[in-house]
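So the structure is just underneath, and the comments pick up after that.
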Amino acid sequence: MSSHREAPEISKDPVADSTDLYAFVSPDKPGHVTLIANYVPLQSPAGGPNFYEFGDDVLYEIHIDTSGNAEADITYQFRFTTRVGDPDTFLYNTGIITSLSSPAWNRKQFYSVTRKDGKGVHHLGSNLRCPPCNIGPLSTPSYASNLAQPAVHKLADGSRVFAGQRAEGFYVDLGSIFDLLDLRPIQELNIFAKAIGLTAMPGVNSTKFVNVHSIALQVPISKVTSHKRPVIGVWTTASRQRVGIRDQSGGDTVWSGPHTQVSRLGNPLINEVIIPMGKKDFWNTQPPAHDKQFAQYYANPELAGLIAAIYAPNFPNLQAAIKAGTVRADLEAILLTGIPSGIVPGFTNFTGSVQADLLRLNTSIKPAKSPNPLGVIGGDLAGFPNGRRVFDDVVTVELRAVAGATLPLVDPSFTPDKAVNAITDGLTDKSPGGPYLTQFPYLGVPYDGFDHPS
Amino acid sequence: MPAPDDAAVPIASSAPSGRPESLSRRSVLRGAAGASAAGLALTTLAVSPALAASHARVDVGHGDERVPDHIADGEAVVVHVRNIRAGEIDVYRGTSHVRVVDRALAARLARASE
């Protein structure tokens with residue numbers, strides 16, 4: 001998926017598993033940037049009695065590079081604490097949860113927000129309340145107004161924050177992609193599907209009706225940019241203390257030592273389909289500033305060869321470029337340095353020559369009045385890879401880009417194959433089970449367990 | 001940019017940046033402050049070159065069983081003997097990590113694990 005369970009080790013540690021990262025100029029507050037980091041993937045809404053939550057033992061961070069060196073100039077840190085009201089019941093809630101302070105809610109989670117920047121460490125909020133998970137209409141009635149909205153907090157610097165359960169906004173036909181890249185709408189072109197007579201079918205959203213946990217910040221643009229540079233590079237990390245001891249006496253794990261990074265995310269799908277199996281766990285531990293060591297996988301992506309081979313003979317130009325050893329400078333630019341000015345008319349999100357997997361957002365680009373989920377390749381400069389909005393179709397964008405759609409940006413002599421524009425997993429921003437929100441935190445109300453039992 | 005851990009002391013690890021090191025469950029001993037680990041008699045505490053400038057030699061007191069006042073009761077001190085014969089020992093407390101080299105102590109800990 002985008003980055004859900006994308007590496008062997010982190011797939012066993014869901015609370016530290018970063019799944020998606022979003023960065024966009026807020027459409028309803030264009031002087032602000034919204035940053036959203038999602039964790040705890042693929043939550044079945046009926047997850048009781050132990051409903052989902054953030055890890056009290058995980059340090060969550062959102063980093064911002066404002067100077068173009070791929071180092072964090074600003075870091076927001078989030079630390080969570082769970083408090084149990086009555087340990088002598090097995091219940092998450094003993095009655096109707098009517099508010100964030102409801103005594104019927106037995107397992108509440110709180111968090112603090114700290115900002116680190118060149119001026120020091122700033123404690124922006126503490127004892128902030130998360131909302132409960134959306135259990136069902138009896139336990140969590142009027143979820144959006146009574147529980148989710150009150151969990152949007154104003155921080156000491158005027159920013160707003162939300163941390164808690166949300167509806168999964170990312171959509172992908174995962175079942176088709178990892179079944180030998182059998183994109184259902186064009187499976188009659190897939191050599192394996194064609195061999196057994198399969199024909200075109202609609203896509204199926206594998207992430208429909210699942211939830212996720214989001215950390216969302218809405219910050220004035222002036223607080224996350226500097227030196228009159230409108231382009232920022234964003235990534236999120238999760239870190240754990242280096243030592244954990246399972247203590248038999250109390251049942252808890254005792255953690256000790258400095259934090260070490262176990263998960264990170266900038267652009268979507270990178271550790272998923274660009275980084276090879278043997279490097280995925282290592283990639284998760286590395287800072288973006290060290291990403292030059294992975295540049296070869298962007299320059300010669302395995303996925304491009306798979307598309308050309310599995311959909312042969314429909315990608316002759318792509319196949320020829322691969323045979324010629326063409327370095328995919330287009331992908332390196334889009335994903336590792338940002339797009340320099342002069343390539344896409346009226347647009348740049350170039351941060352500098354340091355190759356780093358960052359989600360790069362040009363904050364001077366205004367939100368689109370009629371957004372196109374295909375973002376920049378769809379003519380909408382306010383969308384991915386200029387940051388990423390919650391509804392952007394990053395699967396189609398990246399599949400098409402890897403298949404050669406963006407190669408002419410750096411090699412005008414290359415003509416993309418006609419089949420490029422047919423590539424899709426058949427999903428759109430209407431594929432999720434519920435609507436996105438038009439205001440912070442933008443991701444939809446989480447699906448409740450009663451009405452979405454599986 | 002500051003380290004993620006506000007109170008972190010310099011890390012004496014030689015590990016590659018950001019890469020977690022595998023820990024042998026058998027070689028990790030846990031002791032609360034005031035218990036065996038903190039009470040072990042260390043004659044000299046040699047540290048890695050990264051810390052050499054500020055902590056060239058630390059005498060923690062041979063046979064001294066007093067616990068420093070700033071260490072709270074119940075606070076865990078975790079000791080990982082990385083290499084018994086080389087005497088490399090990692091000591092974790094709170095969000096700090098220091099590496100000491102003490103072959104005698106490493107040997108004692110190894111014997112204690114039997």
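Every chain in the structure tokens takes a letter, A first, then B, and so on in the order presented; its residues are numbered from 1, and the ligands are numbered from 1 following the presented order.
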Counting only C-alpha atoms, what are the residues of chain A within 9 Å of chain B, and for each of them which pair of atoms is the nearest and at what distance in Å, to one decimal? Sort the table by chain and rising number, as a tab-separated table.
```
residue	atom	partner	partner_atom	distance
A:Leu59	CA	B:Pro4	CA	8.4
A:Glu61	CA	B:Pro4	CA	8.9
A:Glu71	CA	B:Met1	CA	8.1
A:Ala72	CA	B:Met1	CA	6.6
A:Asp73	CA	B:Met1	CA	6.5
A:Ile74	CA	B:Met1	CA	7.9
A:Thr75	CA	B:Met1	CA	8.5
A:Gln77	CA	B:Pro4	CA	8.3
A:Lys116	CA	B:Pro2	CA	7.4
A:Asp117	CA	B:Met1	CA	6.8
A:Gly118	CA	B:Met1	CA	6.9
A:Gly120	CA	B:Pro2	CA	8.3
A:Val121	CA	B:Pro2	CA	8.7
A:Ser239	CA	B:Pro4	CA	9.0
A:Gln241	CA	B:Thr95	CA	7.2
A:Arg242	CA	B:Pro20	CA	7.0
A:Val243	CA	B:Tyr92	CA	7.7
A:Ile245	CA	B:Arg30	CA	7.6
A:Val254	CA	B:Ala76	CA	7.6
A:Trp255	CA	B:Gly94	CA	8.0
A:Ser256	CA	B:Gly94	CA	5.3
A:Gly257	CA	B:Thr95	CA	4.2
A:Pro258	CA	B:Thr95	CA	4.2
A:His259	CA	B:Asp5	CA	6.8
A:Thr260	CA	B:Gly18	CA	6.0
A:Gln261	CA	B:Gly18	CA	6.2
A:Val262	CA	B:Pro20	CA	8.2
A:Phe282	CA	B:Arg19	CA	7.2
A:Thr285	CA	B:Gly18	CA	5.5
A:Gln286	CA	B:Gly18	CA	5.9
A:Pro287	CA	B:Gly18	CA	7.5
```
Determine, counting only C-alpha atoms, which protein, DNA and RNA residues have an atom within 8 Å of an atom of segment 82-85 of chain A; residues of the same chain fewer than 4 positions away are not included. Present the result as number ranges by chain. A: 56, 103, 105-110
Requested write-out: N, CA and C atoms of the selected residues, as a compact mmCIF listing (two decimals), in the first residue's frame:
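The resulting again_0.txt:
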```txt
# COMPACT_ATOMS: atom_id res chain seq x y z
N ASP A 56 2.25 4.45 23.44
CA ASP A 56 2.84 5.29 24.49
C ASP A 56 4.37 5.22 24.47
N PRO A 103 -16.81 9.69 31.97
CA PRO A 103 -16.30 8.60 32.83
C PRO A 103 -16.60 7.22 32.27
N TRP A 105 -15.87 6.24 29.41
CA TRP A 105 -14.75 5.88 28.53
C TRP A 105 -13.58 5.48 29.42
N ASN A 106 -13.25 4.22 29.38
CA ASN A 106 -12.35 3.66 30.38
C ASN A 106 -10.88 3.74 29.99
N ARG A 107 -10.60 3.99 28.74
CA ARG A 107 -9.19 3.96 28.31
C ARG A 107 -8.93 5.18 27.44
N LYS A 108 -8.54 6.25 28.09
CA LYS A 108 -8.32 7.52 27.37
C LYS A 108 -6.84 7.67 27.02
N GLN A 109 -6.63 8.41 25.95
CA GLN A 109 -5.24 8.67 25.55
C GLN A 109 -5.02 10.17 25.43
N PHE A 110 -3.89 10.61 25.96
CA PHE A 110 -3.51 12.02 25.98
C PHE A 110 -2.16 12.17 25.29
```
Hey, which of A:Lys369, A:Ile310, A:Pro432, A:Val15 ends up closest to Leu181 of chain A? Count only C-alpha atoms.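 Nearest to Leu181 of chain A: A:Ile310.
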Need the shell around Phe209 of chain A: protein/DNA/RNA residues with any atom at most 8 Å away, counting only C-alpha atoms. Skip same-chain ones fewer than 3 positions apart. Format as number ranges by chain? A: 44-45, 167-168, 432-434, 447, 452
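Atom CA of Ile215 of chain A is found 12.3 Å from atom CA of Leu128 of chain A.
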